[in-house]
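For reference, final.csv is printed below; it contains CSV, C-alpha atoms.
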chain,number,residue,atom,x,y,z
A,1,MET,CA,5.1,16.4,16.7
A,2,LYS,CA,7.5,13.4,16.7
A,3,SER,CA,5.8,12.1,13.5
A,4,PHE,CA,6.0,15.5,11.9
A,5,PHE,CA,9.7,15.8,12.4
A,6,LYS,CA,10.2,12.3,11.1
A,7,THR,CA,8.3,13.2,8.0
A,8,LEU,CA,10.2,16.4,7.6
A,9,ALA,CA,13.5,14.7,7.9
A,10,LEU,CA,12.6,12.2,5.2
A,11,ALA,CA,11.4,15.0,2.9
A,12,LEU,CA,14.7,16.8,3.5
A,13,VAL,CA,16.6,13.8,2.3
A,14,LEU,CA,14.9,14.2,-1.1
A,15,LEU,CA,15.2,17.9,-1.2
A,16,ILE,CA,18.9,18.2,-0.6
A,17,GLY,CA,19.8,15.0,-2.4
A,18,ILE,CA,21.4,13.1,0.4
A,19,THR,CA,21.8,9.4,0.0
A,20,ALA,CA,21.8,7.1,3.0
A,21,PRO,CA,23.7,5.2,4.0
A,22,GLY,CA,26.6,6.9,2.1
A,23,PHE,CA,29.1,4.3,1.1
A,24,ALA,CA,32.2,5.2,-0.9
A,25,GLY,CA,33.4,3.2,-3.7
A,26,ASP,CA,31.6,0.4,-5.6
A,27,THR,CA,28.0,0.1,-4.3
A,28,ILE,CA,24.6,-1.0,-5.6
A,29,LYS,CA,22.2,1.9,-5.6
A,30,LEU,CA,18.6,1.1,-4.6
A,31,GLY,CA,16.0,3.7,-5.1
A,32,SER,CA,13.0,4.0,-2.8
A,33,GLY,CA,10.1,6.0,-4.1
A,34,GLY,CA,6.9,6.7,-2.2
A,35,VAL,CA,4.8,9.2,-0.3
A,36,ILE,CA,6.8,10.5,2.7
A,37,SER,CA,5.1,13.9,3.2
A,38,GLY,CA,1.5,15.0,3.4
A,39,ASP,CA,-1.6,13.2,4.6
A,40,LEU,CA,-0.6,9.8,3.4
A,41,ALA,CA,3.0,10.0,4.6
A,42,PRO,CA,2.5,7.3,7.3
A,43,TYR,CA,2.1,4.7,4.6
A,44,GLY,CA,5.2,5.6,2.7
A,45,ILE,CA,7.3,6.1,5.9
A,46,SER,CA,6.4,2.7,7.1
A,47,ALA,CA,7.5,1.2,3.7
A,48,VAL,CA,10.8,3.1,3.5
A,49,ARG,CA,11.6,2.0,7.1
A,50,GLY,CA,11.2,-1.6,5.9
A,51,VAL,CA,13.6,-0.8,3.1
A,52,GLU,CA,16.1,0.8,5.5
A,53,ILE,CA,16.2,-2.1,7.9
A,54,ALA,CA,16.4,-4.7,5.1
A,55,ILE,CA,19.4,-2.8,3.7
A,56,GLU,CA,21.0,-2.6,7.1
A,57,ASP,CA,20.5,-6.4,7.5
A,58,LEU,CA,22.0,-7.1,4.0
A,59,ASN,CA,24.9,-4.8,4.5
A,60,ALA,CA,25.8,-6.4,7.8
A,61,LYS,CA,26.4,-9.5,5.8
A,62,SER,CA,27.6,-9.2,2.2
A,63,GLY,CA,25.2,-6.7,0.7
A,64,ILE,CA,24.2,-7.7,-2.8
A,65,LEU,CA,26.7,-9.6,-4.9
A,66,GLY,CA,29.4,-8.7,-2.4
A,67,LYS,CA,28.7,-5.0,-2.8
A,68,LYS,CA,27.2,-2.6,-0.2
A,69,ILE,CA,23.8,-1.2,-0.9
A,70,GLU,CA,23.3,2.6,-1.1
A,71,LEU,CA,19.8,3.9,-0.5
A,72,LEU,CA,18.3,6.8,-2.5
A,73,ILE,CA,15.0,8.2,-1.2
A,74,GLY,CA,12.4,10.0,-3.2
A,75,ASP,CA,9.1,11.6,-2.2
A,76,ASP,CA,6.2,11.5,-4.7
A,77,VAL,CA,3.6,13.0,-2.4
A,78,CYS,CA,1.2,10.4,-3.9
A,79,LYS,CA,0.8,12.6,-7.0
A,80,PRO,CA,1.5,11.1,-10.5
A,81,GLU,CA,3.0,14.3,-11.9
A,82,VAL,CA,5.4,14.5,-8.9
A,83,ALA,CA,6.2,10.8,-9.2
A,84,VAL,CA,7.5,11.3,-12.8
A,85,ASN,CA,9.9,14.0,-11.7
A,86,MET,CA,11.0,12.0,-8.7
A,87,ALA,CA,11.6,8.8,-10.7
A,88,THR,CA,13.6,10.8,-13.2
A,89,LYS,CA,15.8,12.1,-10.4
A,90,LEU,CA,16.3,8.6,-8.9
A,91,VAL,CA,17.4,7.3,-12.3
A,92,SER,CA,19.7,10.3,-13.0
A,93,ASP,CA,21.2,9.7,-9.5
A,94,GLY,CA,22.1,6.2,-10.6
A,95,ALA,CA,19.4,4.0,-9.1
A,96,GLN,CA,19.9,0.4,-10.3
A,97,MET,CA,16.7,-1.1,-8.8
A,98,ILE,CA,13.6,0.4,-7.2
A,99,VAL,CA,11.3,-0.3,-4.3
A,100,GLY,CA,8.0,1.6,-4.7
A,101,HIS,CA,5.7,3.4,-5.0
A,102,VAL,CA,2.9,3.3,-2.4
A,103,CYS,CA,0.0,5.0,-4.4
A,104,SER,CA,-1.0,3.1,-7.5
A,105,GLY,CA,-1.5,6.2,-9.6
A,106,ALA,CA,2.0,7.4,-8.7
A,107,THR,CA,3.5,4.0,-9.5
A,108,ILE,CA,1.8,3.8,-12.9
A,109,ALA,CA,3.2,7.3,-13.8
A,110,ALA,CA,6.7,6.7,-12.4
A,111,ASN,CA,7.1,3.3,-14.1
A,112,LYS,CA,7.2,4.9,-17.5
A,113,ILE,CA,10.6,6.2,-16.4
A,114,TYR,CA,11.8,3.0,-14.7
A,115,LYS,CA,10.7,0.8,-17.6
A,116,ASP,CA,12.5,3.0,-20.1
A,117,ALA,CA,15.6,2.9,-17.9
A,118,GLY,CA,15.5,-0.9,-17.7
A,119,LEU,CA,15.0,-1.1,-13.9
A,120,LEU,CA,13.1,-3.6,-11.9
A,121,ILE,CA,10.6,-2.2,-9.5
A,122,VAL,CA,8.9,-4.0,-6.6
A,123,SER,CA,6.1,-2.3,-4.8
A,124,PRO,CA,5.1,-2.8,-1.1
A,125,ALA,CA,1.6,-1.3,-1.5
A,126,SER,CA,0.4,-0.5,-5.1
A,127,THR,CA,-2.5,-2.8,-5.7
A,128,ASN,CA,-4.1,-1.6,-8.9
A,129,ASP,CA,-4.8,-4.5,-11.2
A,130,ASP,CA,-3.5,-2.8,-14.4
A,131,LEU,CA,0.0,-2.9,-13.0
A,132,THR,CA,0.3,-6.6,-13.5
A,133,LEU,CA,-2.7,-7.9,-15.4
A,134,LYS,CA,-2.5,-5.7,-18.6
A,135,GLY,CA,1.1,-6.7,-19.5
A,136,GLU,CA,2.1,-3.0,-19.8
A,137,HIS,CA,4.6,-3.1,-16.9
A,138,PRO,CA,6.8,-6.1,-17.4
A,139,ASN,CA,9.4,-4.8,-15.0
A,140,PHE,CA,6.9,-4.5,-12.1
A,141,PHE,CA,6.4,-6.8,-9.2
A,142,ARG,CA,4.7,-6.4,-5.8
A,143,THR,CA,4.7,-8.0,-2.3
A,144,ILE,CA,1.0,-7.2,-1.8
A,145,SER,CA,-1.9,-8.9,-3.5
A,146,TYR,CA,-3.8,-7.0,-6.1
A,147,ASP,CA,-7.2,-5.2,-6.0
A,148,GLY,CA,-9.1,-8.0,-7.8
A,149,ALA,CA,-8.3,-10.4,-5.0
A,150,GLN,CA,-9.2,-7.8,-2.4
A,151,ALA,CA,-12.5,-6.9,-4.1
A,152,ALA,CA,-13.5,-10.5,-4.3
A,153,LEU,CA,-12.9,-10.9,-0.5
A,154,MET,CA,-14.7,-7.6,0.3
A,155,THR,CA,-17.8,-8.4,-1.8
A,156,SER,CA,-18.0,-12.0,-0.6
A,157,PHE,CA,-17.8,-10.9,3.0
A,158,VAL,CA,-20.4,-8.3,2.6
A,159,LYS,CA,-22.9,-10.7,1.0
A,160,ASN,CA,-22.2,-13.9,2.9
A,161,ASN,CA,-21.1,-12.7,6.3
A,162,LEU,CA,-22.8,-9.3,6.8
A,163,LYS,CA,-25.9,-10.4,4.8
A,164,VAL,CA,-26.2,-6.9,3.2
A,165,LYS,CA,-28.6,-6.3,0.4
A,166,THR,CA,-27.9,-2.7,-0.6
A,167,VAL,CA,-24.5,-0.9,-0.9
A,168,ALA,CA,-23.2,2.5,-1.8
A,169,LEU,CA,-19.8,2.5,-3.6
A,170,ILE,CA,-17.9,5.7,-3.0
A,171,HIS,CA,-14.3,6.5,-4.3
A,172,ASP,CA,-11.7,9.3,-4.5
A,173,LYS,CA,-11.6,9.3,-8.3
A,174,GLY,CA,-8.0,8.0,-8.3
A,175,ASP,CA,-6.5,4.9,-10.0
A,176,TYR,CA,-6.5,3.0,-6.7
A,177,GLY,CA,-9.8,4.1,-5.2
A,178,LYS,CA,-12.0,4.2,-8.3
A,179,GLY,CA,-10.4,1.1,-9.7
A,180,GLN,CA,-11.3,-0.8,-6.5
A,181,MET,CA,-14.9,0.3,-6.6
A,182,GLU,CA,-15.3,-0.6,-10.2
A,183,LEU,CA,-14.1,-4.1,-9.4
A,184,ALA,CA,-16.4,-4.2,-6.4
A,185,ARG,CA,-19.4,-3.3,-8.6
A,186,LYS,CA,-18.5,-6.0,-11.1
A,187,ASN,CA,-18.2,-8.6,-8.3
A,188,PHE,CA,-21.5,-7.6,-6.8
A,189,GLU,CA,-23.1,-8.0,-10.2
A,190,SER,CA,-21.6,-11.5,-10.6
A,191,LEU,CA,-22.5,-12.6,-7.1
A,192,GLY,CA,-26.1,-11.4,-7.3
A,193,GLY,CA,-28.3,-10.6,-4.4
A,194,VAL,CA,-26.7,-7.2,-3.6
A,195,GLU,CA,-27.9,-4.0,-5.2
A,196,VAL,CA,-25.5,-1.1,-5.8
A,197,VAL,CA,-27.7,1.9,-5.0
A,198,LEU,CA,-25.1,4.6,-5.4
A,199,PHE,CA,-21.7,4.8,-7.2
A,200,GLU,CA,-20.0,8.1,-7.0
A,201,GLY,CA,-16.6,9.8,-6.7
A,202,VAL,CA,-15.7,12.6,-4.3
A,203,THR,CA,-12.9,15.2,-4.4
A,204,THR,CA,-10.0,14.1,-2.3
A,205,GLY,CA,-8.9,16.5,0.4
A,206,ALA,CA,-12.3,18.2,0.6
A,207,VAL,CA,-13.2,20.1,3.8
A,208,ASP,CA,-16.9,19.3,3.7
A,209,TYR,CA,-18.4,15.9,2.7
A,210,THR,CA,-22.0,16.9,3.4
A,211,ALA,CA,-23.2,16.3,-0.2
A,212,ILE,CA,-22.0,12.7,-0.4
A,213,VAL,CA,-23.2,11.9,3.1
A,214,GLN,CA,-26.7,13.2,2.2
A,215,LYS,CA,-26.6,11.0,-1.0
A,216,ILE,CA,-25.7,8.0,1.1
A,217,LYS,CA,-28.5,8.7,3.5
A,218,ARG,CA,-31.1,9.1,0.7
A,219,SER,CA,-29.9,5.9,-0.9
A,220,LYS,CA,-30.6,4.0,2.3
A,221,ALA,CA,-27.6,1.8,1.6
A,222,GLU,CA,-27.1,-0.7,4.4
A,223,LEU,CA,-23.3,-0.6,3.7
A,224,THR,CA,-21.0,2.1,2.3
A,225,MET,CA,-17.9,0.8,0.7
A,226,TRP,CA,-15.0,3.2,0.2
A,227,GLY,CA,-12.3,3.2,-2.4
A,228,GLY,CA,-9.5,5.6,-1.3
A,229,TYR,CA,-7.3,6.5,1.6
A,230,HIS,CA,-7.7,7.0,5.4
A,231,SER,CA,-7.5,10.8,5.4
A,232,ASP,CA,-10.8,11.3,3.4
A,233,ALA,CA,-12.4,8.1,4.9
A,234,SER,CA,-12.0,9.4,8.5
A,235,LYS,CA,-13.9,12.6,7.6
A,236,ILE,CA,-16.7,10.8,5.8
A,237,VAL,CA,-17.1,8.2,8.6
A,238,GLY,CA,-17.2,11.0,11.2
A,239,MET,CA,-19.9,12.8,9.3
A,240,LEU,CA,-21.9,9.7,8.7
A,241,LYS,CA,-21.9,8.9,12.4
A,242,LYS,CA,-22.7,12.5,13.4
A,243,LYS,CA,-25.6,12.6,11.0
A,244,LYS,CA,-26.8,9.3,12.3
A,245,VAL,CA,-26.8,7.6,8.9
A,246,ASN,CA,-27.4,3.9,9.5
A,247,THR,CA,-24.8,2.4,7.2
A,248,ILE,CA,-21.9,0.0,7.8
A,249,PHE,CA,-18.6,1.5,6.6
A,250,PHE,CA,-16.1,-0.8,4.8
A,251,GLY,CA,-12.8,0.2,3.2
A,252,ALA,CA,-9.8,-1.6,1.8
A,253,ASP,CA,-6.1,-1.4,2.6
A,254,GLY,CA,-6.1,2.3,2.0
A,255,ILE,CA,-7.7,2.7,5.5
A,256,ILE,CA,-6.1,-0.1,7.4
A,257,GLY,CA,-3.8,0.8,10.3
A,258,ASP,CA,-3.6,3.1,13.3
A,259,ASN,CA,-3.7,6.3,11.2
A,260,PHE,CA,-7.3,5.9,10.3
A,261,VAL,CA,-8.3,5.0,13.9
A,262,GLN,CA,-6.4,8.0,15.3
A,263,LEU,CA,-8.0,10.4,12.8
A,264,ALA,CA,-11.6,9.1,13.1
A,265,GLY,CA,-11.4,8.6,16.8
A,266,LYS,CA,-14.5,7.1,18.4
A,267,TYR,CA,-16.2,7.1,15.0
A,268,SER,CA,-13.9,4.4,13.8
A,269,ASP,CA,-15.4,1.8,16.0
A,270,GLY,CA,-17.2,-0.9,13.9
A,271,VAL,CA,-15.5,0.1,10.6
A,272,TYR,CA,-14.4,-2.8,8.4
A,273,ALA,CA,-11.3,-2.9,6.2
A,274,THR,CA,-9.3,-5.5,4.3
A,275,GLY,CA,-5.6,-5.6,4.7
A,276,PRO,CA,-2.6,-7.9,4.4
A,277,ASN,CA,-2.8,-11.2,6.3
A,278,ASP,CA,-1.7,-11.1,9.9
A,279,THR,CA,1.7,-12.9,10.0
A,280,SER,CA,2.6,-11.7,13.5
A,281,SER,CA,3.5,-15.3,14.5
A,282,ASN,CA,6.2,-15.5,11.9
A,283,PRO,CA,9.7,-15.5,13.6
A,284,LEU,CA,11.2,-12.9,11.2
A,285,TYR,CA,8.2,-10.7,11.7
A,286,LYS,CA,8.8,-10.8,15.5
A,287,GLU,CA,12.5,-10.1,15.1
A,288,LEU,CA,11.8,-7.1,12.9
A,289,VAL,CA,9.3,-5.7,15.3
A,290,VAL,CA,12.0,-5.6,17.9
A,291,LYS,CA,14.5,-4.0,15.4
A,292,HIS,CA,11.9,-1.4,14.4
A,293,GLN,CA,11.1,-0.5,18.0
A,294,LYS,CA,14.8,-0.1,18.8
A,295,LYS,CA,15.5,2.0,15.8
A,296,TYR,CA,12.4,4.2,15.6
A,297,GLY,CA,11.0,4.0,19.1
A,298,GLU,CA,7.5,2.8,18.0
A,299,ALA,CA,5.7,-0.2,16.5
A,300,PRO,CA,6.0,-0.8,12.7
A,301,GLY,CA,3.4,0.8,10.4
A,302,THR,CA,1.2,-0.7,7.7
A,303,PHE,CA,3.6,-1.4,4.9
A,304,PHE,CA,6.9,-1.9,6.9
A,305,PHE,CA,7.0,-5.7,6.4
A,306,ASN,CA,6.0,-5.4,2.7
A,307,GLY,CA,8.8,-2.9,2.2
A,308,TYR,CA,11.3,-5.3,3.8
A,309,ALA,CA,10.2,-8.1,1.6
A,310,CYS,CA,10.7,-5.9,-1.5
A,311,VAL,CA,14.4,-5.6,-0.7
A,312,GLN,CA,14.6,-9.3,0.0
A,313,ALA,CA,13.1,-10.0,-3.4
A,314,LEU,CA,15.5,-7.8,-5.3
A,315,ALA,CA,18.5,-9.1,-3.5
A,316,ALA,CA,17.5,-12.7,-4.0
A,317,ALA,CA,16.9,-12.1,-7.7
A,318,ALA,CA,20.3,-10.5,-8.2
A,319,GLU,CA,22.1,-13.3,-6.3
A,320,LYS,CA,20.3,-15.9,-8.3
A,321,ALA,CA,21.0,-14.1,-11.6
A,322,GLY,CA,24.6,-13.4,-10.5
A,323,SER,CA,24.1,-10.0,-11.9
A,324,ILE,CA,22.0,-6.8,-11.8
A,325,ASP,CA,21.4,-7.0,-15.5
A,326,TYR,CA,17.6,-6.3,-16.1
A,327,ASP,CA,16.8,-9.4,-18.2
A,328,LYS,CA,18.7,-11.8,-16.0
A,329,MET,CA,17.2,-10.3,-12.8
A,330,ARG,CA,13.7,-10.3,-14.2
A,331,ALA,CA,13.9,-14.0,-15.2
A,332,ALA,CA,15.2,-14.8,-11.7
A,333,MET,CA,12.2,-13.0,-10.1
A,334,PHE,CA,9.9,-15.7,-11.3
A,335,GLU,CA,12.1,-18.5,-9.7
A,336,ILE,CA,13.0,-17.1,-6.3
A,337,LYS,CA,11.4,-18.1,-3.0
A,338,ILE,CA,11.8,-15.9,-0.1
A,339,ASP,CA,11.4,-16.5,3.7
A,340,SER,CA,9.9,-13.1,4.3
A,341,PRO,CA,8.1,-11.6,7.3
A,342,LEU,CA,5.0,-12.1,5.3
A,343,GLY,CA,5.7,-15.8,5.2
A,344,PRO,CA,7.3,-17.8,2.3
A,345,ILE,CA,6.6,-15.8,-0.9
A,346,GLY,CA,7.4,-15.9,-4.6
A,347,PHE,CA,5.9,-14.3,-7.8
A,348,ASP,CA,3.6,-15.5,-10.5
A,349,LYS,CA,3.9,-15.0,-14.3
A,350,ASN,CA,2.3,-11.5,-13.9
A,351,GLY,CA,4.6,-10.3,-11.1
A,352,ASP,CA,2.0,-10.7,-8.4
A,353,VAL,CA,3.0,-12.1,-5.1
A,354,ILE,CA,2.3,-15.8,-4.3
A,355,GLY,CA,1.8,-16.6,-0.6
A,356,ALA,CA,0.6,-13.2,0.7
A,357,GLY,CA,-3.1,-12.4,0.7
A,358,PHE,CA,-5.8,-10.3,2.4
A,359,SER,CA,-8.0,-10.7,5.5
A,360,VAL,CA,-11.0,-8.7,6.8
A,361,TYR,CA,-10.5,-6.6,9.9
A,362,GLN,CA,-12.9,-4.6,12.1
A,363,VAL,CA,-12.1,-1.7,14.5
A,364,GLN,CA,-13.0,-3.0,17.9
A,365,ASN,CA,-12.2,-0.9,21.0
A,366,GLY,CA,-10.0,1.4,19.0
A,367,LYS,CA,-7.9,-1.4,17.3
A,368,TYR,CA,-8.2,-3.3,14.0
A,369,THR,CA,-9.0,-6.9,14.8
A,370,GLN,CA,-9.0,-9.7,12.2
A,371,VAL,CA,-12.5,-11.1,11.8
A,372,ASN,CA,-12.1,-13.7,9.1

Here is a file; write its structure as structure tokens.
Amino acid sequence: MKSFFKTLALALVLLIGITAPGFAGDTIKLGSGGVISGDLAPYGISAVRGVEIAIEDLNAKSGILGKKIELLIGDDVCKPEVAVNMATKLVSDGAQMIVGHVCSGATIAANKIYKDAGLLIVSPASTNDDLTLKGEHPNFFRTISYDGAQAALMTSFVKNNLKVKTVALIHDKGDYGKGQMELARKNFESLGGVEVVLFEGVTTGAVDYTAIVQKIKRSKAELTMWGGYHSDASKIVGMLKKKKVNTIFFGADGIIGDNFVQLAGKYSDGVYATGPNDTSSNPLYKELVVKHQKKYGEAPGTFFFNGYACVQALAAAAEKAGSIDYDKMRAAMFEIKIDSPLGPIGFDKNGDVIGAGFSVYQVQNGKYTQVN
């Protein structure tokens, strides 16, 4: 119930158009867009909390360029069509830089608005390759590594560590999930020695996944790789275990975190997933855990630290540029180095993060544990 009311409160911020914190006078408006209601809300809420605490830390000093930062929050519900309207509202409300979004499909859709408005956007969670590698989103940066790097790690681990010979690649038909599995298929073809025996999409949010579970069973895949998010994955994993389908389940960062474990319960044990590197020994990481616990009464979620780093990046670029002018800030983004909770990071020529990568985790005794 506590999580429900937190989600509701964030949604109300969007609906009634409140900005927080509300500073009078000359401020810099930072828009935060992402999913803060619905099944995937835990991801977006974790990111926006990182944004909130980063802004509090900056405003306790000198803000950005001597101006306090005002936060505008938007909820895209992880739907591209909603993201466009939400982005339009943020721009019309005066947002001057953006952190977001979480879901890659929503980010791609929303960035048509941000790009036209001449706004930089830094995402804590959108990993689709096309956002940086096609050159169609020159205003886009991210503090999380991209799907190509993640797919390379996943497929290599499957072949070399798990010694698997046959895999089923299942996805949710979205930009993020389908894109991941297409990359995985290409990587398996390049690696050799692993046969893709099933490649199929499912309808996200379905009540019954019997059909795909039966197909996986008939395929005799030693491993099932999932491209999508935790809400669907938890149902599929549960059904696979109940039907005694002998297959290892392996997802990406869309299922990393406590939310999947809570939903899948005992059936989560043994599941693999890739996720951001563990930087819990980083001093700033430790400091932020304490701040988060004090402010929200619980441990940080999956993309909290990435969200914090997004604000750090935008602030550093503005300070280096001496301006929030788009061209000057964009040029500065390629030069900045940030001591973030993810470790020291910067950005390459494509806008991808340098210094933050992925690791493989496995659910052991109800908790994701790093295994590589």

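If you count all atoms listed in the file and ignore residues fewer than 2 places along the chain from Asp130 of chain A, what sits within 12 Å of it is A:Ser104, A:Gly105, A:Thr107, A:Ile108, A:Ser126, A:Thr127, A:Asn128, A:Thr132, A:Leu133, A:Lys134, A:Gly135, A:Glu136, A:His137, A:Pro138, A:Phe140, A:Phe141, A:Tyr146, A:Asp147, A:Gly148, A:Asp175, A:Tyr176, A:Gly179, A:Gln180, A:Leu183, A:Asn350, A:Gly351, A:Asp352.
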
Would you kindly return, as JSON, numbers by chain, each protein, DNA or RNA residue with an atom no farther than 10 Å from any atom of segment 205-222 of chain A, considering only C-alpha atoms and excluding same-chain residues fewer than 6 positions away?
{"A": [39, 162, 163, 164, 165, 166, 167, 168, 169, 170, 172, 195, 196, 197, 198, 199, 231, 232, 235, 236, 237, 238, 239, 240, 241, 243, 244, 245, 246, 247, 248, 249]}

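Among A:Ala117, A:Met181, A:Val122, A:Ala54, the residue with the shortest atom-to-atom distance to Pro341 of chain A, counting only C-alpha atoms, is A:Ala54.
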
Surrounding residues of Lys115 of chain A excluding itself and chain neighbours under 3 positions, 9 Å, all atoms listed in the file, as a list in words
Ala110, Asn111, Lys112, Gly118, Leu119, Leu120, Ile121, His137, Pro138, Asn139 and Phe140 of chain A

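Considering the residues A:Glu70, A:Ala264, A:Glu335, A:Asn282 and counting only C-alpha atoms, Leu58 of chain A has its shortest atom-to-atom contact with A:Glu70.
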
At what distance in Å, to one decimal, does atom CA of Gly74 of chain A lie from atom CA of Lys320 of chain A?
27.6 Å

Between atom CA of Ala152 of chain A and atom CA of Lys79 of chain A, what is the spacing in Å?
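About the pair atom CA of Lys79 of chain A and atom CA of Ala152 of chain A: they are 27.3 Å apart.
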
Which residue of A:Lys29, A:Lys337, A:Lys349, A:Arg185 approaches Thr155 of chain A most closely, using only C-alpha atoms:
A:Arg185

Could you tell me how far atom CA of Gly357 of chain A sits from atom CA of Arg142 of chain A, in Å to one decimal place?
11.8 Å

Distance criterion (all atoms listed in the file): nearest to Ile354 of chain A out of A:Leu131, A:Val51, A:Ile144, A:Ala317:
A:Ile144

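Across A:Phe250, A:Thr279, A:Ala41, A:Gly66, the tightest approach to Gly322 of chain A is made by A:Gly66 when counting all atoms listed in the file.
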
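Neighbours of Phe304 of chain A closer than or equal to 9 Å, with all atoms listed in the file counted and sequence neighbours fewer than 2 positions away skipped, come out as Tyr43, Gly44, Ile45, Ser46, Ala47, Val48, Arg49, Gly50, Val51, Pro124, Pro300, Gly301, Thr302, Asn306, Gly307, Tyr308 and Ala309 of chain A.
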
Would you please work out which residue, of A:Ala184, A:Leu40, A:Cys78, A:Met97, is nearest to Ala315 of chain A when using only C-alpha atoms?
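Of all the options, A:Met97 lies closest to Ala315 of chain A.
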